[in-house]
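I have placed the structure first, in the form of structure tokens, so that the comments after it can refer back to it.
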Protein chains: 4
Amino acid sequence: MKRIYEFRVEFFDVDSMSVMWHGNYVKYMESARCSLLNELGYNYLDMKNDGFVFPVVKMDIKFIAPLMFGEHFCVEIELVKNEGFLIFKYIFLKNDKKIARAATSQACVEIANHQTCFILPETLSQKIRSFR
Amino acid sequence: MKRIYEFRVEFFDVDSMSVMWHGNYVKYMESARCSLLNELGYNYLDMKNDGFVFPVVKMDIKFIAPLMFGEHFCVEIELVKNEGFLIFKYIFLKNDKKIARAATSQACVEIANHQTCFILPETLSQKIRSFR
Amino acid sequence: MKRIYEFRVEFFDVDSMSVMWHGNYVKYMESARCSLLNELGYNYLDMKNDGFVFPVVKMDIKFIAPLMFGEHFCVEIELVKNEGFLIFKYIFLKNDKKIARAATSQACVEIANHQTCFILPETLSQKIRSFR
Amino acid sequence: MKRIYEFRVEFFDVDSMSVMWHGNYVKYMESARCSLLNELGYNYLDMKNDGFVFPVVKMDIKFIAPLMFGEHFCVEIELVKNEGFLIFKYIFLKNDKKIARAATSQACVEIANHQTCFILPETLSQKIRSFR
């Protein structure tokens, strides 16, 4: 499943070169991820209610071109694999120009015993299967 | 009780004019507050263990002069009043130059019933009385 | 002139109590301010092109009720006075409940000589007069 | 060259699980990097004065164990390679426990013509050779 969300580079996002500070891309990746999970019908709150958290265990980003203050951009996000991990891929786009590529992996941890689960909770797997 | 803590303006703190973004002063106020509470022997974790949280209910800041990337500055913090509220006053200093003045008020809320307390927990009041 | 903009509380906005960290309100105030200035037709980039910057010199916020992760909220922003200063007032609303009130003052500084101007640039004043 | 710097997890760093939000690791990586460059005698301001900027073009982080509010941690940082790129490796440590591993690559861009340089500026290369 793939979705695309639009954002604007805020003044507090940019560094002294007037471009989005590289660390701030992480915020928009998370915002896109939360929006997609809302659409999937299984967000962080649902996870918590079911007794799970999904900490990010791996993240990588390639920065290809800068984003300037005030510019609009999109994050195209895809849920690509899910055997025990929630893996998302991201493409940052300005108009049709590629700005950045990124990926995150989230492990599934049971809150009660702090154990990592090696398969995703069934409720989540079902949601993923039925949602396109 | 008054304390002074030193910080450095980080690259991610500055805006496109190379000066610390005004919203980032709030972080250093909180860092100074947490350091002072550690010295007092009653920090956020102690509060929580005793069943209280202290949300900030009021904050004001006057920005007098800018802070540039890489500069060192101090936050002089004072716990000034405490009838039901934790009130802190802050002076930002660069060398001896005043950079900003600020104040925060924190209410004391009992976690169990979400009620605001009109006197501070006795443990905290004692700590404040005995600490100078 | 008054405008209202909608936002969502992001995961990275909340603190360990799952409520928006008080320092993060400043970001949404700035985002609303930039949106209003865009509508006015005189944003930070226009100011800079005309040789001016508008540093925030004063900010105060009253926090009335919390905002939780995932909640939607609005910032109602008003440009209220302008003799040399750009003054904005903000009301944070969740449905129709008041969440916070705030105000900021921005001085007008000429980039070339670092001098504070005591009247706003004529282009900006005109825009303010003609815009409702 | 390798250096180690100490930090504390601030209240505004943690998420609703009371652990440092994964995006905030990027800040401490940058803070460590700037400290090392200060020791090297060639920081961002020196780079800019010489007409260069070093945007981060690649970043990856592995998160191994969480950091809780108030905990102290270290970032061990190493400048590992430098043919045209500034590459840093980072290990986050709490006591002697590995918390995270990360790496960043920064390209060297000439400000005047926005061109990427394929060798580092000679001043910087000399500093790196002579510094241990």
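Identifiers in the structure tokens: chain A, B, ... in order shown; residue index from 1 per chain; ligand index from 1 in order shown.
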
Backbone-only DSSP, strand (DSSP E) members of range 15-128 of chain B, as a ChimeraX atom specification: /B:52-53,56-63,72-81,85-94,97-110,115-117

Create the file for the chosen residues now, containing N, CA and C atoms and written as a short mmCIF file (atom, residue, chain, number, x, y, z; two decimals), in the first residue's frame.
```cif
data_model
loop_
_atom_site.label_atom_id
_atom_site.label_comp_id
_atom_site.auth_asym_id
_atom_site.auth_seq_id
_atom_site.Cartn_x
_atom_site.Cartn_y
_atom_site.Cartn_z
N PHE B 52 2.39 13.16 41.20
CA PHE B 52 2.11 14.51 40.70
C PHE B 52 2.79 14.78 39.36
N VAL B 53 2.16 15.62 38.55
CA VAL B 53 2.85 16.21 37.40
C VAL B 53 2.73 17.72 37.51
N VAL B 56 3.36 23.07 32.59
CA VAL B 56 3.57 24.52 32.45
C VAL B 56 2.24 25.15 32.07
N VAL B 57 1.80 26.14 32.83
CA VAL B 57 0.51 26.78 32.55
C VAL B 57 0.68 28.19 31.99
N LYS B 58 1.88 28.72 32.10
CA LYS B 58 2.12 30.10 31.66
C LYS B 58 3.60 30.24 31.34
N MET B 59 3.89 30.94 30.28
CA MET B 59 5.29 31.14 29.89
C MET B 59 5.39 32.47 29.20
N ASP B 60 6.36 33.28 29.56
CA ASP B 60 6.61 34.48 28.76
C ASP B 60 8.11 34.70 28.62
N ILE B 61 8.47 35.22 27.46
CA ILE B 61 9.88 35.43 27.14
C ILE B 61 10.04 36.78 26.46
N LYS B 62 11.06 37.51 26.88
CA LYS B 62 11.46 38.75 26.18
C LYS B 62 12.81 38.50 25.55
N PHE B 63 12.90 38.73 24.26
CA PHE B 63 14.14 38.49 23.53
C PHE B 63 14.84 39.83 23.33
N HIS B 72 28.51 30.45 23.17
CA HIS B 72 28.20 29.90 24.49
C HIS B 72 27.34 30.90 25.24
N PHE B 73 26.40 30.38 26.01
CA PHE B 73 25.54 31.27 26.80
C PHE B 73 25.17 30.58 28.10
N CYS B 74 24.67 31.37 29.03
CA CYS B 74 24.26 30.84 30.33
C CYS B 74 22.79 31.09 30.54
N VAL B 75 22.17 30.20 31.28
CA VAL B 75 20.81 30.46 31.77
C VAL B 75 20.90 30.55 33.28
N GLU B 76 20.60 31.73 33.81
CA GLU B 76 20.51 31.91 35.25
C GLU B 76 19.06 31.68 35.63
N ILE B 77 18.83 30.73 36.50
CA ILE B 77 17.45 30.34 36.81
C ILE B 77 17.20 30.49 38.30
N GLU B 78 16.01 30.97 38.63
CA GLU B 78 15.66 31.18 40.04
C GLU B 78 14.26 30.64 40.30
N LEU B 79 14.14 29.93 41.39
CA LEU B 79 12.83 29.47 41.86
C LEU B 79 12.31 30.57 42.77
N VAL B 80 11.27 31.28 42.32
CA VAL B 80 10.91 32.52 43.04
C VAL B 80 9.69 32.49 43.92
N LYS B 81 8.76 31.61 43.69
CA LYS B 81 7.54 31.65 44.50
C LYS B 81 6.96 30.28 44.45
N PHE B 85 2.07 26.90 42.97
CA PHE B 85 2.73 26.91 41.66
C PHE B 85 4.24 26.86 41.82
N LEU B 86 4.90 26.21 40.87
CA LEU B 86 6.35 26.30 40.77
C LEU B 86 6.63 27.40 39.76
N ILE B 87 7.21 28.49 40.23
CA ILE B 87 7.49 29.61 39.33
C ILE B 87 9.00 29.77 39.19
N PHE B 88 9.43 29.80 37.96
CA PHE B 88 10.86 29.98 37.68
C PHE B 88 11.05 31.25 36.86
N LYS B 89 12.14 31.96 37.18
CA LYS B 89 12.54 33.09 36.34
C LYS B 89 13.89 32.76 35.72
N TYR B 90 14.09 33.25 34.51
CA TYR B 90 15.28 32.90 33.75
C TYR B 90 15.90 34.17 33.16
N ILE B 91 17.22 34.23 33.22
CA ILE B 91 17.94 35.26 32.47
C ILE B 91 18.96 34.55 31.58
N PHE B 92 18.87 34.82 30.28
CA PHE B 92 19.88 34.30 29.34
C PHE B 92 21.00 35.33 29.26
N LEU B 93 22.22 34.85 29.40
CA LEU B 93 23.38 35.74 29.39
C LEU B 93 24.43 35.25 28.41
N LYS B 94 25.04 36.20 27.69
CA LYS B 94 26.20 35.85 26.85
C LYS B 94 27.31 36.75 27.38
N LYS B 97 26.27 40.03 29.00
CA LYS B 97 25.21 40.73 28.28
C LYS B 97 23.88 39.97 28.41
N LYS B 98 22.82 40.72 28.73
CA LYS B 98 21.51 40.10 28.82
C LYS B 98 20.97 39.78 27.43
N ILE B 99 20.59 38.56 27.20
CA ILE B 99 20.10 38.09 25.90
C ILE B 99 18.57 37.94 25.92
N ALA B 100 18.06 37.46 27.03
CA ALA B 100 16.61 37.24 27.14
C ALA B 100 16.23 37.10 28.61
N ARG B 101 14.98 37.39 28.90
CA ARG B 101 14.39 37.19 30.23
C ARG B 101 13.16 36.33 30.03
N ALA B 102 12.87 35.46 30.97
CA ALA B 102 11.69 34.62 30.80
C ALA B 102 11.16 34.19 32.15
N ALA B 103 9.94 33.69 32.15
CA ALA B 103 9.34 33.12 33.36
C ALA B 103 8.39 32.00 32.96
N THR B 104 8.30 30.99 33.80
CA THR B 104 7.31 29.92 33.61
C THR B 104 6.60 29.67 34.93
N SER B 105 5.33 29.28 34.84
CA SER B 105 4.59 28.82 36.02
C SER B 105 4.11 27.40 35.75
N GLN B 106 4.31 26.55 36.74
CA GLN B 106 3.83 25.18 36.61
C GLN B 106 2.83 24.88 37.71
N ALA B 107 1.68 24.38 37.32
CA ALA B 107 0.68 23.97 38.30
C ALA B 107 1.03 22.58 38.79
N CYS B 108 0.53 22.25 39.94
CA CYS B 108 0.73 20.91 40.49
C CYS B 108 -0.57 20.12 40.31
N VAL B 109 -0.49 19.05 39.54
CA VAL B 109 -1.69 18.26 39.25
C VAL B 109 -1.52 16.84 39.80
N GLU B 110 -2.54 16.38 40.52
CA GLU B 110 -2.48 15.02 41.06
C GLU B 110 -2.85 14.06 39.93
N GLN B 115 -6.74 16.49 39.33
CA GLN B 115 -7.09 17.72 40.02
C GLN B 115 -5.86 18.59 40.26
N THR B 116 -6.02 19.88 40.06
CA THR B 116 -4.97 20.83 40.40
C THR B 116 -4.92 21.00 41.92
N CYS B 117 -3.72 20.93 42.48
CA CYS B 117 -3.54 21.10 43.93
C CYS B 117 -3.27 22.57 44.19
#
```

Which residues are near range 36-50 of chain B? Cut-off 10 Å, only C-alpha atoms, ignore same chain within fewer than 3 positions. Put them as a PyMOL selection string. (chain B and resi 1-5+30-33+53-54+77-79+108+110-111+121+123-124+127-128+130-132) or (chain D and resi 11+69-70)

Write the residues you've just listed into a file as a CSV table (one decimal), in the first residue's frame, and include N, CA, C and O atoms for each of them.
```csv
chain,number,residue,atom,x,y,z
B,1,MET,N,16.3,30.1,45.6
B,1,MET,CA,17.5,29.4,45.1
B,1,MET,C,17.7,29.8,43.6
B,1,MET,O,16.8,29.8,42.8
B,2,LYS,N,19.0,30.0,43.3
B,2,LYS,CA,19.4,30.5,42.0
B,2,LYS,C,20.5,29.6,41.5
B,2,LYS,O,21.4,29.1,42.3
B,3,ARG,N,20.5,29.2,40.3
B,3,ARG,CA,21.6,28.5,39.7
B,3,ARG,C,21.9,29.0,38.3
B,3,ARG,O,21.1,29.7,37.8
B,4,ILE,N,23.1,28.6,37.8
B,4,ILE,CA,23.4,29.1,36.5
B,4,ILE,C,24.0,27.9,35.7
B,4,ILE,O,24.8,27.1,36.3
B,5,TYR,N,23.6,27.7,34.5
B,5,TYR,CA,24.0,26.6,33.7
B,5,TYR,C,24.5,27.1,32.3
B,5,TYR,O,23.9,28.0,31.8
B,30,GLU,N,13.9,24.6,29.9
B,30,GLU,CA,13.5,23.4,30.5
B,30,GLU,C,14.8,22.6,31.0
B,30,GLU,O,14.7,22.0,32.1
B,31,SER,N,15.8,22.6,30.2
B,31,SER,CA,17.0,21.9,30.6
B,31,SER,C,17.6,22.5,31.9
B,31,SER,O,17.9,21.8,32.9
B,32,ALA,N,17.6,23.8,32.0
B,32,ALA,CA,18.0,24.5,33.3
B,32,ALA,C,17.1,24.1,34.4
B,32,ALA,O,17.6,23.8,35.5
B,33,ARG,N,15.8,24.1,34.2
B,33,ARG,CA,14.8,23.8,35.2
B,33,ARG,C,15.1,22.4,35.8
B,33,ARG,O,15.1,22.1,37.0
B,53,VAL,N,2.2,15.6,38.6
B,53,VAL,CA,2.8,16.2,37.4
B,53,VAL,C,2.7,17.7,37.5
B,53,VAL,O,1.8,18.2,38.2
B,54,PHE,N,3.6,18.4,36.9
B,54,PHE,CA,3.7,19.9,36.9
B,54,PHE,C,3.7,20.5,35.6
B,54,PHE,O,4.7,21.0,35.1
B,77,ILE,N,18.8,30.7,36.5
B,77,ILE,CA,17.4,30.3,36.8
B,77,ILE,C,17.2,30.5,38.3
B,77,ILE,O,18.1,30.2,39.1
B,78,GLU,N,16.0,31.0,38.6
B,78,GLU,CA,15.7,31.2,40.0
B,78,GLU,C,14.3,30.6,40.3
B,78,GLU,O,13.3,30.9,39.5
B,79,LEU,N,14.1,29.9,41.4
B,79,LEU,CA,12.8,29.5,41.9
B,79,LEU,C,12.3,30.6,42.8
B,79,LEU,O,12.9,30.8,43.8
B,108,CYS,N,0.5,22.2,39.9
B,108,CYS,CA,0.7,20.9,40.5
B,108,CYS,C,-0.6,20.1,40.3
B,108,CYS,O,-1.6,20.5,40.8
B,110,GLU,N,-2.5,16.4,40.5
B,110,GLU,CA,-2.5,15.0,41.1
B,110,GLU,C,-2.9,14.1,39.9
B,110,GLU,O,-3.9,14.2,39.3
B,111,ILE,N,-2.0,13.1,39.7
B,111,ILE,CA,-2.2,12.2,38.5
B,111,ILE,C,-3.5,11.4,38.7
B,111,ILE,O,-4.3,11.2,37.7
B,121,PRO,N,3.1,19.7,47.1
B,121,PRO,CA,3.2,18.5,47.9
B,121,PRO,C,4.3,18.8,49.0
B,121,PRO,O,5.2,19.5,48.8
B,123,THR,N,6.6,17.1,50.5
B,123,THR,CA,8.0,16.7,50.3
B,123,THR,C,8.7,17.8,49.5
B,123,THR,O,9.9,18.2,49.8
B,124,LEU,N,8.0,18.4,48.5
B,124,LEU,CA,8.7,19.4,47.6
B,124,LEU,C,8.9,20.7,48.4
B,124,LEU,O,9.9,21.3,48.4
B,127,LYS,N,11.8,20.4,50.6
B,127,LYS,CA,13.1,20.5,49.9
B,127,LYS,C,13.4,21.9,49.6
B,127,LYS,O,14.5,22.3,49.6
B,128,ILE,N,12.4,22.7,49.2
B,128,ILE,CA,12.6,24.1,48.8
B,128,ILE,C,13.0,24.9,50.0
B,128,ILE,O,14.0,25.7,49.9
B,130,SER,N,14.6,23.8,52.7
B,130,SER,CA,15.9,23.4,53.2
B,130,SER,C,17.1,23.7,52.3
B,130,SER,O,18.2,23.7,52.6
B,131,PHE,N,16.7,23.9,51.0
B,131,PHE,CA,17.7,24.1,50.0
B,131,PHE,C,18.0,25.6,49.7
B,131,PHE,O,17.0,26.3,49.5
B,132,ARG,N,19.2,26.0,49.6
B,132,ARG,CA,19.5,27.4,49.3
B,132,ARG,C,20.6,27.4,48.3
B,132,ARG,O,21.3,26.4,48.1
D,11,PHE,N,13.9,16.3,28.9
D,11,PHE,CA,12.5,16.0,28.9
D,11,PHE,C,11.9,16.2,27.5
D,11,PHE,O,11.0,15.4,27.1
D,69,PHE,N,14.4,9.3,29.8
D,69,PHE,CA,14.5,10.7,30.4
D,69,PHE,C,15.5,10.7,31.5
D,69,PHE,O,15.4,10.0,32.5
D,70,GLY,N,16.4,11.7,31.4
D,70,GLY,CA,17.3,12.0,32.6
D,70,GLY,C,18.6,11.2,32.5
D,70,GLY,O,19.6,11.5,33.2
```

When DSSP is applied to the backbone of this structure, which of chain A are assigned helix (DSSP H, G or I)? Write them out as an NGL selection string. :A and (11-13 or 22-40 or 44-49 or 122-130)

Do you have the CA of Val19 in chain D-CA of Asp13 in chain A distance handy? 22.9 Å

With distances taken over only C-alpha atoms, which of D:Lys27, D:His22, D:Arg129, D:His114 is nearest to chain B?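 Closest to chain B, using only C-alpha atoms: D:Lys27.
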
Mind pulling up the distance from CA of Met17 in chain A to CA of Leu67 in chain B? 16.6 Å

Between CA of Val14 in chain D and CA of Met68 in chain C, what is the distance in Å, rounded to a tenth?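 Taking CA of Val14 in chain D and CA of Met68 in chain C, their separation equals 15.1 Å.
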
With distances taken over only C-alpha atoms, the candidate from D:Glu83, D:Asp96, D:Glu6, D:Asp15 nearest chain A is D:Asp15
